[in-house]
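*Asks:* Provided herewith: final_16.txt, compact mmCIF, C-alpha atoms.
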```txt
# COMPACT_ATOMS: atom_id res chain seq x y z
CA MET A 1251 -5.56 -29.58 35.58
CA ARG A 1252 -2.84 -30.41 33.08
CA THR A 1253 -3.72 -30.33 29.41
CA ARG A 1254 -2.18 -32.56 26.80
CA PRO A 1255 0.09 -30.81 24.30
CA ASN A 1256 -1.42 -30.36 20.87
CA TYR A 1257 1.21 -32.03 18.70
CA LEU A 1258 -0.85 -31.61 15.55
CA ALA A 1259 -1.08 -27.85 16.04
CA GLY A 1260 2.66 -27.70 16.74
CA LEU A 1261 3.39 -29.64 13.56
CA GLY A 1262 1.14 -27.35 11.56
CA SER A 1263 2.89 -24.30 13.02
CA LEU A 1264 6.27 -25.76 12.09
CA VAL A 1265 5.16 -26.41 8.52
CA TRP A 1266 3.77 -22.88 8.26
CA LEU A 1267 7.03 -21.46 9.64
CA LEU A 1268 9.00 -23.35 6.99
CA LEU A 1269 6.69 -22.18 4.21
CA VAL A 1270 7.10 -18.55 5.30
CA GLY A 1271 10.72 -18.68 6.42
CA LEU A 1272 12.30 -20.48 3.44
CA PRO A 1273 11.46 -17.77 0.85
CA LEU A 1274 12.68 -15.07 3.25
CA TYR A 1275 15.87 -17.05 3.84
CA VAL A 1276 16.52 -17.36 0.11
CA LEU A 1277 15.66 -13.69 -0.47
CA VAL A 1278 17.93 -12.20 2.20
CA LEU A 1279 20.76 -14.68 1.64
CA ALA A 1280 20.90 -13.93 -2.09
CA THR A 1281 21.39 -10.22 -1.41
CA LEU A 1282 24.54 -10.92 0.62
CA ARG A 1283 26.47 -12.76 -2.11
CA THR A 1284 28.01 -11.99 -5.47
CA ARG A 1285 26.34 -12.74 -8.78
CA SER A 1286 28.92 -15.39 -9.72
CA ASP A 1287 28.64 -17.09 -6.33
CA TYR A 1288 24.84 -17.21 -6.65
CA SER A 1289 25.08 -18.73 -10.15
CA THR A 1290 27.62 -21.43 -9.26
CA GLU A 1291 26.59 -22.45 -5.73
CA GLY A 1292 22.79 -22.17 -6.02
CA PRO A 1293 20.25 -20.16 -4.00
CA LEU A 1294 20.19 -22.29 -0.84
CA SER A 1295 23.92 -22.48 -0.08
CA LEU A 1296 25.73 -20.09 2.24
CA PRO A 1297 27.76 -17.34 0.55
CA ALA A 1298 31.44 -18.03 0.00
CA GLN A 1299 32.03 -14.36 0.81
CA TRP A 1300 29.49 -12.17 2.61
CA THR A 1301 29.01 -8.74 1.04
CA VAL A 1302 26.64 -5.75 1.14
CA GLN A 1303 27.91 -4.44 -2.18
CA ASN A 1304 24.59 -5.22 -3.87
CA TYR A 1305 22.81 -2.68 -1.67
CA LEU A 1306 25.50 -0.04 -2.24
CA THR A 1307 25.40 -0.61 -5.99
CA ASP A 1308 21.62 -0.28 -6.07
CA LEU A 1309 21.71 3.06 -4.26
CA SER A 1310 24.52 4.42 -6.45
CA ASN A 1311 22.83 3.40 -9.73
CA GLY A 1312 19.80 5.65 -9.35
CA PHE A 1313 17.64 3.39 -7.22
CA GLY A 1314 17.83 5.97 -4.43
CA GLU A 1315 16.14 8.54 -6.68
CA ASP A 1316 13.48 5.97 -7.60
CA PHE A 1317 12.96 5.42 -3.88
CA LEU A 1318 12.44 9.17 -3.26
CA ASN A 1319 10.02 9.44 -6.20
CA THR A 1320 8.00 6.53 -4.84
CA LEU A 1321 8.01 8.10 -1.38
CA THR A 1322 6.73 11.37 -2.89
CA VAL A 1323 3.93 9.60 -4.75
CA THR A 1324 2.95 7.58 -1.70
CA ALA A 1325 2.91 10.54 0.71
CA SER A 1326 0.89 12.62 -1.77
CA VAL A 1327 -1.69 9.88 -2.38
CA VAL A 1328 -2.12 9.32 1.36
CA GLY A 1329 -2.49 13.08 1.87
CA ILE A 1330 -5.21 13.36 -0.79
CA VAL A 1331 -7.08 10.38 0.65
CA LEU A 1332 -6.98 11.84 4.18
CA LEU A 1333 -8.15 15.20 2.86
CA VAL A 1334 -11.09 13.88 0.84
CA VAL A 1335 -12.34 10.64 2.40
CA PRO A 1336 -13.06 11.57 6.09
CA PRO A 1337 -15.44 14.49 5.35
CA LEU A 1338 -17.00 12.52 2.49
CA ALA A 1339 -17.62 9.47 4.70
CA TYR A 1340 -19.01 11.72 7.46
CA ALA A 1341 -21.45 13.31 5.00
CA ILE A 1342 -22.56 9.90 3.74
CA VAL A 1343 -23.18 8.60 7.27
CA ARG A 1344 -24.98 11.66 8.65
CA SER A 1345 -26.84 13.00 5.62
CA GLN A 1346 -30.35 11.76 4.85
CA GLY A 1347 -30.59 13.28 1.37
CA ARG A 1348 -30.91 11.32 -1.83
CA ALA A 1349 -27.99 13.12 -3.44
CA THR A 1350 -25.58 11.79 -0.82
CA GLY A 1351 -26.86 8.26 -1.35
CA TRP A 1352 -26.29 8.53 -5.09
CA VAL A 1353 -22.76 9.85 -4.51
CA PHE A 1354 -22.03 6.83 -2.32
CA ARG A 1355 -23.38 4.47 -4.98
CA LEU A 1356 -21.23 6.22 -7.56
CA PHE A 1357 -18.15 5.60 -5.45
CA LEU A 1358 -19.12 1.95 -5.02
CA LEU A 1359 -19.37 1.68 -8.80
CA GLY A 1360 -15.70 2.59 -8.92
CA LEU A 1361 -14.91 -0.73 -7.23
CA ALA A 1362 -16.08 -2.56 -10.36
CA ILE A 1363 -13.90 -0.59 -12.81
CA PRO A 1364 -10.32 -1.90 -13.14
CA ALA A 1365 -7.56 0.53 -13.98
CA GLN A 1366 -6.68 -1.45 -17.10
CA ALA A 1367 -10.12 -0.69 -18.56
CA VAL A 1368 -9.60 3.09 -18.46
CA ILE A 1369 -5.86 3.39 -19.07
CA VAL A 1370 -6.28 4.66 -22.65
CA PRO A 1371 -8.66 7.55 -21.81
CA MET A 1372 -6.56 8.18 -18.69
CA PHE A 1373 -3.44 8.54 -20.84
CA TYR A 1374 -5.27 10.92 -23.19
CA LEU A 1375 -6.61 13.02 -20.30
CA ILE A 1376 -3.25 13.25 -18.52
CA SER A 1377 -1.50 14.18 -21.77
CA LYS A 1378 -4.03 16.90 -22.63
CA ALA A 1379 -3.70 18.32 -19.10
CA GLY A 1380 0.07 18.62 -19.55
CA LEU A 1381 0.79 16.21 -16.72
CA TYR A 1382 2.45 13.45 -18.74
CA ASP A 1383 5.87 12.42 -17.41
CA HIS A 1384 5.26 14.28 -14.15
CA LEU A 1385 4.75 12.66 -10.76
CA ILE A 1386 1.48 14.55 -10.34
CA GLY A 1387 0.20 12.64 -13.37
CA VAL A 1388 0.73 9.41 -11.42
CA ILE A 1389 -0.47 10.75 -8.07
CA LEU A 1390 -3.92 11.91 -9.18
CA PRO A 1391 -5.18 8.69 -10.87
CA THR A 1392 -3.66 6.54 -8.12
CA ALA A 1393 -5.50 8.56 -5.47
CA ALA A 1394 -8.71 8.44 -7.52
CA PHE A 1395 -8.67 4.64 -7.61
CA CYS A 1396 -8.02 4.52 -3.86
CA LEU A 1397 -11.05 6.65 -3.00
CA PRO A 1398 -13.85 4.03 -3.47
CA VAL A 1399 -12.32 1.41 -1.18
CA CYS A 1400 -11.18 3.98 1.38
CA THR A 1401 -14.64 5.57 1.43
CA LEU A 1402 -16.26 2.18 1.98
CA ILE A 1403 -13.89 1.33 4.84
CA LEU A 1404 -14.22 4.65 6.64
CA THR A 1405 -17.99 4.81 6.15
CA GLY A 1406 -18.29 1.44 7.88
CA ALA A 1407 -16.11 2.65 10.75
CA MET A 1408 -18.15 5.82 11.23
CA ARG A 1409 -21.43 3.93 11.18
CA ASP A 1410 -20.23 2.00 14.21
CA ILE A 1411 -20.32 5.22 16.28
CA SER A 1412 -23.36 5.17 18.56
CA PRO A 1413 -26.21 7.55 17.52
CA GLU A 1414 -26.52 8.55 21.18
CA LEU A 1415 -23.10 10.20 20.97
CA TYR A 1416 -24.25 12.30 18.02
CA GLU A 1417 -27.36 13.29 19.95
CA ALA A 1418 -25.30 14.26 23.00
CA MET A 1419 -23.10 16.49 20.85
CA ALA A 1420 -26.19 18.09 19.29
CA MET A 1421 -27.69 18.77 22.73
CA ASP A 1422 -24.46 20.53 23.70
CA GLY A 1423 -24.94 22.83 20.72
CA ALA A 1424 -22.08 21.41 18.69
CA SER A 1425 -22.04 22.22 14.99
CA PRO A 1426 -21.51 19.45 12.40
CA ALA A 1427 -17.92 20.62 11.94
CA ARG A 1428 -17.24 20.46 15.67
CA THR A 1429 -18.89 17.03 15.92
CA PHE A 1430 -16.68 15.86 13.08
CA ARG A 1431 -13.50 17.12 14.74
CA GLN A 1432 -14.17 16.22 18.37
CA LEU A 1433 -16.26 13.06 18.07
CA VAL A 1434 -16.02 11.36 14.70
CA LEU A 1435 -12.30 11.61 13.98
CA PRO A 1436 -11.12 10.41 17.42
CA LEU A 1437 -13.50 7.43 17.31
CA SER A 1438 -12.52 6.53 13.74
CA LYS A 1439 -8.81 6.00 14.33
CA GLY A 1440 -9.04 2.34 13.28
CA GLY A 1441 -10.70 3.24 9.99
CA LEU A 1442 -8.27 6.10 9.38
CA SER A 1443 -5.31 3.80 9.96
CA SER A 1444 -6.83 1.30 7.56
CA ILE A 1445 -7.22 3.75 4.71
CA VAL A 1446 -3.70 5.11 5.28
CA VAL A 1447 -2.21 1.61 5.00
CA PHE A 1448 -4.37 0.72 2.00
CA ALA A 1449 -3.56 3.93 0.11
CA ALA A 1450 0.14 3.62 0.94
CA LEU A 1451 0.24 0.04 -0.35
CA GLN A 1452 -1.56 0.97 -3.57
CA ALA A 1453 0.75 3.90 -4.23
CA TRP A 1454 3.99 2.18 -3.22
CA ASN A 1455 3.31 -0.92 -5.33
CA GLY A 1456 1.76 0.95 -8.26
CA PHE A 1457 3.02 -0.20 -11.65
CA LEU A 1458 0.50 0.44 -14.42
CA PHE A 1459 0.14 4.22 -14.05
CA PRO A 1460 3.91 4.90 -13.73
CA LEU A 1461 4.56 2.62 -16.71
CA ILE A 1462 2.06 4.35 -19.00
CA LEU A 1463 2.17 7.93 -17.72
CA THR A 1464 5.94 8.47 -17.29
CA GLN A 1465 9.00 7.84 -19.44
CA SER A 1466 12.06 9.70 -18.09
CA ASP A 1467 14.50 8.57 -15.42
CA SER A 1468 13.69 11.60 -13.24
CA THR A 1469 10.09 10.40 -12.74
CA LYS A 1470 10.83 6.69 -12.44
CA VAL A 1471 9.52 4.83 -9.38
CA ILE A 1472 10.69 1.66 -7.66
CA THR A 1473 8.50 -0.76 -9.59
CA LEU A 1474 9.93 0.49 -12.87
CA GLY A 1475 13.47 0.67 -11.48
CA LEU A 1476 13.43 -3.08 -10.91
CA TYR A 1477 13.32 -3.53 -14.68
CA GLU A 1478 16.90 -2.30 -15.01
CA PHE A 1479 18.26 -5.49 -13.47
CA GLN A 1480 17.17 -7.46 -16.53
CA THR A 1481 19.55 -7.18 -19.49
CA GLU A 1482 20.12 -9.03 -22.75
CA HIS A 1483 22.73 -11.13 -20.95
CA GLY A 1484 20.42 -12.24 -18.13
CA VAL A 1485 19.22 -11.03 -14.77
CA ASP A 1486 21.38 -9.83 -11.88
CA VAL A 1487 19.48 -11.85 -9.28
CA PRO A 1488 21.38 -10.69 -6.14
CA GLY A 1489 21.13 -7.05 -7.26
CA LEU A 1490 17.45 -7.43 -8.08
CA LEU A 1491 16.62 -9.08 -4.76
CA SER A 1492 18.56 -6.48 -2.77
CA ALA A 1493 16.48 -3.80 -4.51
CA VAL A 1494 13.35 -5.75 -3.60
CA VAL A 1495 14.43 -5.82 0.05
CA LEU A 1496 15.06 -2.06 0.02
CA SER A 1497 11.63 -1.46 -1.49
CA MET A 1498 9.95 -3.69 1.11
CA ILE A 1499 11.35 -2.05 4.23
CA PRO A 1500 9.26 1.18 4.42
CA ILE A 1501 5.90 -0.38 3.67
CA PHE A 1502 6.71 -3.31 5.96
CA VAL A 1503 7.40 -0.89 8.82
CA VAL A 1504 4.09 0.90 8.15
CA TYR A 1505 2.18 -2.37 8.14
CA LEU A 1506 4.01 -3.64 11.23
CA PHE A 1507 2.76 -0.73 13.33
CA ALA A 1508 -0.70 -0.47 11.77
CA ARG A 1509 -1.66 -4.11 11.18
CA ARG A 1510 -4.06 -4.28 14.15
CA ALA A 1511 -5.87 -1.10 13.14
CA LEU A 1512 -6.00 -2.36 9.54
CA VAL A 1513 -7.71 -5.61 10.54
CA GLN A 1514 -10.15 -3.79 12.84
CA GLY A 1515 -11.02 -1.31 10.12
CA LEU A 1516 -11.66 -4.02 7.53
CA MET A 1517 -13.87 -5.89 10.00
CA GLY A 1518 -15.98 -2.73 10.29
CA VAL A 1519 -16.76 -2.53 6.57
CA GLY A 1520 -20.49 -2.39 6.08
CA GLY A 1521 -21.26 -0.99 9.50
CA LYS A 1522 -23.84 -2.46 11.83
```
How does this structure look as structure tokens?
*Replies:*
Amino acid sequence: MRTRPNYLAGLGSLVWLLLVGLPLYVLVLATLRTRSDYSTEGPLSLPAQWTVQNYLTDLSNGFGEDFLNTLTVTASVVGIVLLVVPPLAYAIVRSQGRATGWVFRLFLLGLAIPAQAVIVPMFYLISKAGLYDHLIGVILPTAAFCLPVCTLILTGAMRDISPELYEAMAMDGASPARTFRQLVLPLSKGGLSSIVVFAALQAWNGFLFPLILTQSDSTKVITLGLYEFQTEHGVDVPGLLSAVVLSMIPIFVVYLFARRALVQGLMGVGGK
């Protein structure tokens, strides 16, 4: 049986493609032209002369060091989250004690506290600890603000594991640590992928903590490096957009390979 084509859906898809594709077209095209060409011909015209000099200039002007600093912060935050959240979520799911329940509620309370509300005491604490203008001073608060959401996501994923599987492991004489390694972690891959992507996004796009807790060029990250393209004489739009493209590539690759696990993990929030 032949079905009639859905012209309305096709039209909607075309409109959506234009809405998504036009900004990407303008973004990538602007990075392949000179600043004068962009100013005179406008953002939608084809370049009079194609060039990749904007990317080379960005990397030679210190943006490469900003990139490495951001990569260090991101990898460290993800490492802390993976070290703390899985055993914490496992304890919350399996423990029946009141103390564990209160710890979980305390973490949920962290969802209601924005970073802007605690930036002044955070600055004072980091300064007194001697961590000001060091990457570790950015890594620790960034990881701390990732923990509540990551704990909620992974707790929901672990609650979806059937109780019968826990009972089977207990009947085999497995200890809690062995159950955690051989049962919980393999069945929580979706949740683990979700918290990795979430923590990486938070760290890679972080702006407030690097702005307040660092000041030297050696500890500058990508989000602060983008400021350098704005001068008293205007903004180098092609140079700025080429830096934006460079900063997008790593996190886009991570999301491209983990998007399915991310969606599955978020759907599991709250458990059954």
*Asks:* List every protein, DNA or RNA residue with an atom no more than 10 Å from (32.6, -10.9, -1.5) in the file's coordinates, counting all atoms listed in the file, and format the result as an MDAnalysis selection string.
*Replies:* chainID A and resid 1282:1285 1287 1297:1303
*Asks:* Using Å and a single decimal, report how far CA of Leu1333 (chain A) sits from CA of Thr1429 (chain A).
*Replies:* 17.0 Å
*Asks:* One number please: CA of Leu1381 (chain A) to CA of Ile1369 (chain A), in Å, one decimal.
*Replies:* 14.6 Å
*Asks:* Report as an NGL selection string all protein, DNA and RNA residues lying within 12 Å of Leu1458 (chain A), evaluated on all atoms listed in the file, omitting residues in the same chain fewer than 4 positions from it.
*Replies:* :A and (1364-1370 or 1372-1373 or 1388 or 1391-1392 or 1452-1454 or 1462-1464 or 1471 or 1473-1474)
*Asks:* Quick one: write out the picked residues with C-alpha atoms as an mmCIF file, keeping the file's coordinate frame?
*Replies:*
```cif
data_model
loop_
_atom_site.group_PDB
_atom_site.id
_atom_site.type_symbol
_atom_site.label_atom_id
_atom_site.label_comp_id
_atom_site.auth_asym_id
_atom_site.auth_seq_id
_atom_site.Cartn_x
_atom_site.Cartn_y
_atom_site.Cartn_z
ATOM 1 C CA PRO A 1364 -10.320 -1.900 -13.140
ATOM 2 C CA ALA A 1365 -7.560 0.530 -13.980
ATOM 3 C CA GLN A 1366 -6.680 -1.450 -17.100
ATOM 4 C CA ALA A 1367 -10.120 -0.690 -18.560
ATOM 5 C CA VAL A 1368 -9.600 3.090 -18.460
ATOM 6 C CA ILE A 1369 -5.860 3.390 -19.070
ATOM 7 C CA VAL A 1370 -6.280 4.660 -22.650
ATOM 8 C CA MET A 1372 -6.560 8.180 -18.690
ATOM 9 C CA PHE A 1373 -3.440 8.540 -20.840
ATOM 10 C CA VAL A 1388 0.730 9.410 -11.420
ATOM 11 C CA PRO A 1391 -5.180 8.690 -10.870
ATOM 12 C CA THR A 1392 -3.660 6.540 -8.120
ATOM 13 C CA GLN A 1452 -1.560 0.970 -3.570
ATOM 14 C CA ALA A 1453 0.750 3.900 -4.230
ATOM 15 C CA TRP A 1454 3.990 2.180 -3.220
ATOM 16 C CA ILE A 1462 2.060 4.350 -19.000
ATOM 17 C CA LEU A 1463 2.170 7.930 -17.720
ATOM 18 C CA THR A 1464 5.940 8.470 -17.290
ATOM 19 C CA VAL A 1471 9.520 4.830 -9.380
ATOM 20 C CA THR A 1473 8.500 -0.760 -9.590
ATOM 21 C CA LEU A 1474 9.930 0.490 -12.870
#
```
*Asks:* Residues within 10 Å of Ala1280 (chain A), please, as a ChimeraX atom specification. Count only C-alpha atoms; anything in the same chain fewer than 2 positions from it doesn't count.
*Replies:* /A:1274-1278,1282-1285,1287-1288,1292-1297,1300,1304,1487-1492
*Asks:* With distances taken over only C-alpha atoms, which residue among A:Phe1448, A:Tyr1505, A:Tyr1305, A:Tyr1477 lies nearest Thr1324 (chain A)?
*Replies:*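 Checking each of A:Phe1448, A:Tyr1505, A:Tyr1305, A:Tyr1477 against Thr1324 (chain A), counting only C-alpha atoms, the winner is A:Phe1448.
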*Asks:* Of the residues A:Tyr1374, A:Phe1317, A:Tyr1340, A:Phe1354, which is the one nearest to Val1495 (chain A), using only C-alpha atoms?
*Replies:*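 Of the candidates, the smallest distance to Val1495 (chain A) is held by A:Phe1317.
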*Asks:* Any idea what's packed within 7 Å of Val1335 (chain A), counting all atoms listed in the file, ignoring anything in its chain fewer than 5 positions away? Could you give it as a ChimeraX atom specification?
*Replies:* /A:1397,1400-1401
*Asks:* What gap, in Å, lies between CA of Glu1414 (chain A) and CA of Pro1436 (chain A)?
*Replies:* 16.0 Å
*Asks:* Considering only C-alpha atoms, return as a PyMOL selection string whatever protein or nucleic-acid residues lie within 12 Å of Gln1432 (chain A), sequence-local ones (same chain, fewer than 5 positions apart) excluded.
*Replies:* chain A and resi 1415-1416+1419+1424-1427+1437-1438
*Asks:* When distances are computed from all atoms listed in the file, which of A:Gly1329, A:Gly1351, A:Gly1387, A:Gly1360 shows the smallest separation from Phe1459 (chain A)?
*Replies:*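 Smallest distance to Phe1459 (chain A) is found for A:Gly1387.
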*Asks:* Go through A:Ala1379, A:Leu1451, A:Val1434, A:Leu1461 and flag the residue nearest Asp1410 (chain A), using only C-alpha atoms for the distances.
*Replies:*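 Of A:Ala1379, A:Leu1451, A:Val1434, A:Leu1461, the one nearest Asp1410 (chain A) is A:Val1434, counting only C-alpha atoms.
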